[in-house]
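**Q** I'd like to ask some things about the structure below.
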Amino acid sequence: MKLQIALDLLSTREALLLLGKVAPHVDIIEIGTPLVKAEGLAVLRAIKTAYPEKELFADYKTMDAGELEATMAFEAGADSVGVLALANDATIAGAVKAGYAHQKRVVADLIGVPPQYRLSRISELKDLGVSHVELHAGLDEQSLPGYSIVDLLKTISGSVLPFAVAGGINASTITTVRDAGAEIAIVGGGIYSAEDPQDAARRLRNAIK
Ligand SMILES: O=C([C@H](O)CO)[C@H](O)[C@H](O)COP(=O)(O)O
């Protein structure tokens, strides 16, 4: 399983400072939605220039104009881009078309897809040409009483596509995510909010070695 850091920060400067401490421990660098909204395409260019050897994921959460937004991200250096699974099929198909054109990956984010519809939507996404999905409880959902990553993981069992998982993963839950069959564990706050982000990233890496 790969480890992806979600940079849900607000400036390129903060992102580079954090990466200076944790980059050796992660496989994929995610430009988080707040960061790309704050800094635009420039942050993709800056991070790809600084870490050309790392896979770069742009968490666009695209809901419309799939081909255009995916193309923008790929041309700025992203290796993969996130489109919302809730978007119209035409939006997903547009993003996939851009992925083929640039030989890069499109990840469909299942955030907001009700649990009972997730597996059927994943089958449709496969038919649309999506290669991967992200099982995702967002920051707001995580803050609700009773949120459990174990319950979240139950809803992906039987997926016909490889999947990443995001939803408040930390050193004590990352092995559960791996054991559920995830291809990628995405960790944001578990690293950037830790007292010692470098140590947190190292522990996460060691847990899944
Ligand atoms: O995608 C995310 C969220 O919607 C804010 O943009 C986060 O990057 C994702 O949830 C991972 O972060 P943590 O849940 O803090 O690990």
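Following the order of the structure tokens, chains are lettered A, B, ..., residues in each are numbered from 1, and ligands are numbered from 1.
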Show me, as a Markdown table, the residues of chain A having an atom within 6 Å of ligand 1, each with the closest atom pair and its distance in Å, using only C-alpha atoms and all ligand atoms.
**A**
| residue | atom | partner | partner_atom_place_in_ligand_line | distance |
| --- | --- | --- | --- | --- |
| A:Ala6 | CA | ligand 1 | 8 (O) | 4.6 |
| A:Asp8 | CA | ligand 1 | 8 (O) | 5.8 |
| A:Gly32 | CA | ligand 1 | 6 (O) | 5.2 |
| A:Thr33 | CA | ligand 1 | 6 (O) | 4.5 |
| A:Pro34 | CA | ligand 1 | 6 (O) | 5.9 |
| A:Gly138 | CA | ligand 1 | 4 (O) | 4.4 |
| A:Leu139 | CA | ligand 1 | 3 (C) | 5.5 |
| A:Ala166 | CA | ligand 1 | 11 (C) | 4.9 |
| A:Gly167 | CA | ligand 1 | 14 (O) | 4.0 |
| A:Gly168 | CA | ligand 1 | 14 (O) | 3.6 |
| A:Ile169 | CA | ligand 1 | 16 (O) | 5.2 |
| A:Ile186 | CA | ligand 1 | 11 (C) | 5.7 |
| A:Val187 | CA | ligand 1 | 16 (O) | 3.8 |
| A:Gly188 | CA | ligand 1 | 16 (O) | 3.6 |
| A:Gly189 | CA | ligand 1 | 15 (O) | 3.7 |
| A:Gly190 | CA | ligand 1 | 16 (O) | 5.7 |
**Q** Excluding segment 109-126 of chain A and any residue of its chain fewer than 2 positions from it, enumerate the residues within 12 Å of it, using only C-alpha atoms, and give them as a PyMOL selection string.
**A** chain A and resi 58-63+81-93+95-96+106-107+128-142+151-167
**Q** So, with only C-alpha atoms as the atoms that count, which of A:Val150, A:Pro197, A:Ile191, A:His102 lies closest to Asp179 of chain A?
**A**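 So, comparing all the options, the nearest one is A:Val150.
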**Q** Write out as an MDAnalysis selection string which residues come within 8 Å of Gln4 of chain A when counting only C-alpha atoms, dropping same-chain ones fewer than 6 positions away.
**A** chainID A and resid 26:30 184:187
**Q** Would you export the selected residues with N, CA and C atoms as a PDB file, in the first residue's frame, please?
**A**
ATOM      1  N   VAL A  26       6.814   9.517   2.168  1.00  0.00           N
ATOM      2  CA  VAL A  26       5.550   9.371   1.434  1.00  0.00           C
ATOM      3  C   VAL A  26       5.810   9.038  -0.036  1.00  0.00           C
ATOM      4  N   ASP A  27       4.811   8.382  -0.646  1.00  0.00           N
ATOM      5  CA  ASP A  27       4.931   7.996  -2.062  1.00  0.00           C
ATOM      6  C   ASP A  27       4.269   9.024  -2.968  1.00  0.00           C
ATOM      7  N   ILE A  28       3.157   9.584  -2.494  1.00  0.00           N
ATOM      8  CA  ILE A  28       2.346  10.480  -3.329  1.00  0.00           C
ATOM      9  C   ILE A  28       2.102  11.774  -2.561  1.00  0.00           C
ATOM     10  N   ILE A  29       2.233  12.885  -3.271  1.00  0.00           N
ATOM     11  CA  ILE A  29       1.959  14.197  -2.669  1.00  0.00           C
ATOM     12  C   ILE A  29       0.635  14.709  -3.216  1.00  0.00           C
ATOM     13  N   GLU A  30      -0.300  14.967  -2.307  1.00  0.00           N
ATOM     14  CA  GLU A  30      -1.598  15.519  -2.729  1.00  0.00           C
ATOM     15  C   GLU A  30      -1.646  17.014  -2.457  1.00  0.00           C
ATOM     16  N   ILE A 184      -4.006   2.767  -1.636  1.00  0.00           N
ATOM     17  CA  ILE A 184      -3.363   3.995  -1.141  1.00  0.00           C
ATOM     18  C   ILE A 184      -4.059   4.428   0.154  1.00  0.00           C
ATOM     19  N   ALA A 185      -3.265   4.793   1.168  1.00  0.00           N
ATOM     20  CA  ALA A 185      -3.810   5.436   2.369  1.00  0.00           C
ATOM     21  C   ALA A 185      -3.480   6.915   2.278  1.00  0.00           C
ATOM     22  N   ILE A 186      -4.511   7.750   2.390  1.00  0.00           N
ATOM     23  CA  ILE A 186      -4.314   9.205   2.290  1.00  0.00           C
ATOM     24  C   ILE A 186      -4.384   9.789   3.707  1.00  0.00           C
ATOM     25  N   VAL A 187      -3.329  10.513   4.073  1.00  0.00           N
ATOM     26  CA  VAL A 187      -3.284  11.080   5.428  1.00  0.00           C
ATOM     27  C   VAL A 187      -2.995  12.577   5.352  1.00  0.00           C
TER      28      VAL A 187
END
**Q** Among segment 102-177 of chain A, which residues does DSSP mark as strand (DSSP E) when it is run on the backbone? Keep the chain and numbering as in the structure and answer as JSON, numbers by chain.
**A** {"A": [105, 106, 107, 108, 109, 132, 133, 134, 135, 136, 163, 164, 165, 166]}
**Q** How would you write, as a count of residues only, the set of residues in segment 21-79 of chain A that DSSP gives as alpha helix (DSSP H)?
**A** 29
**Q** Pick the closest to Tyr51 of chain A from A:Ala207, A:Ala78, A:Met1, A:Ala200: which is it, counting only C-alpha atoms?
**A**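 When distances to Tyr51 of chain A are compared using only C-alpha atoms, the smallest one comes from A:Ala78.
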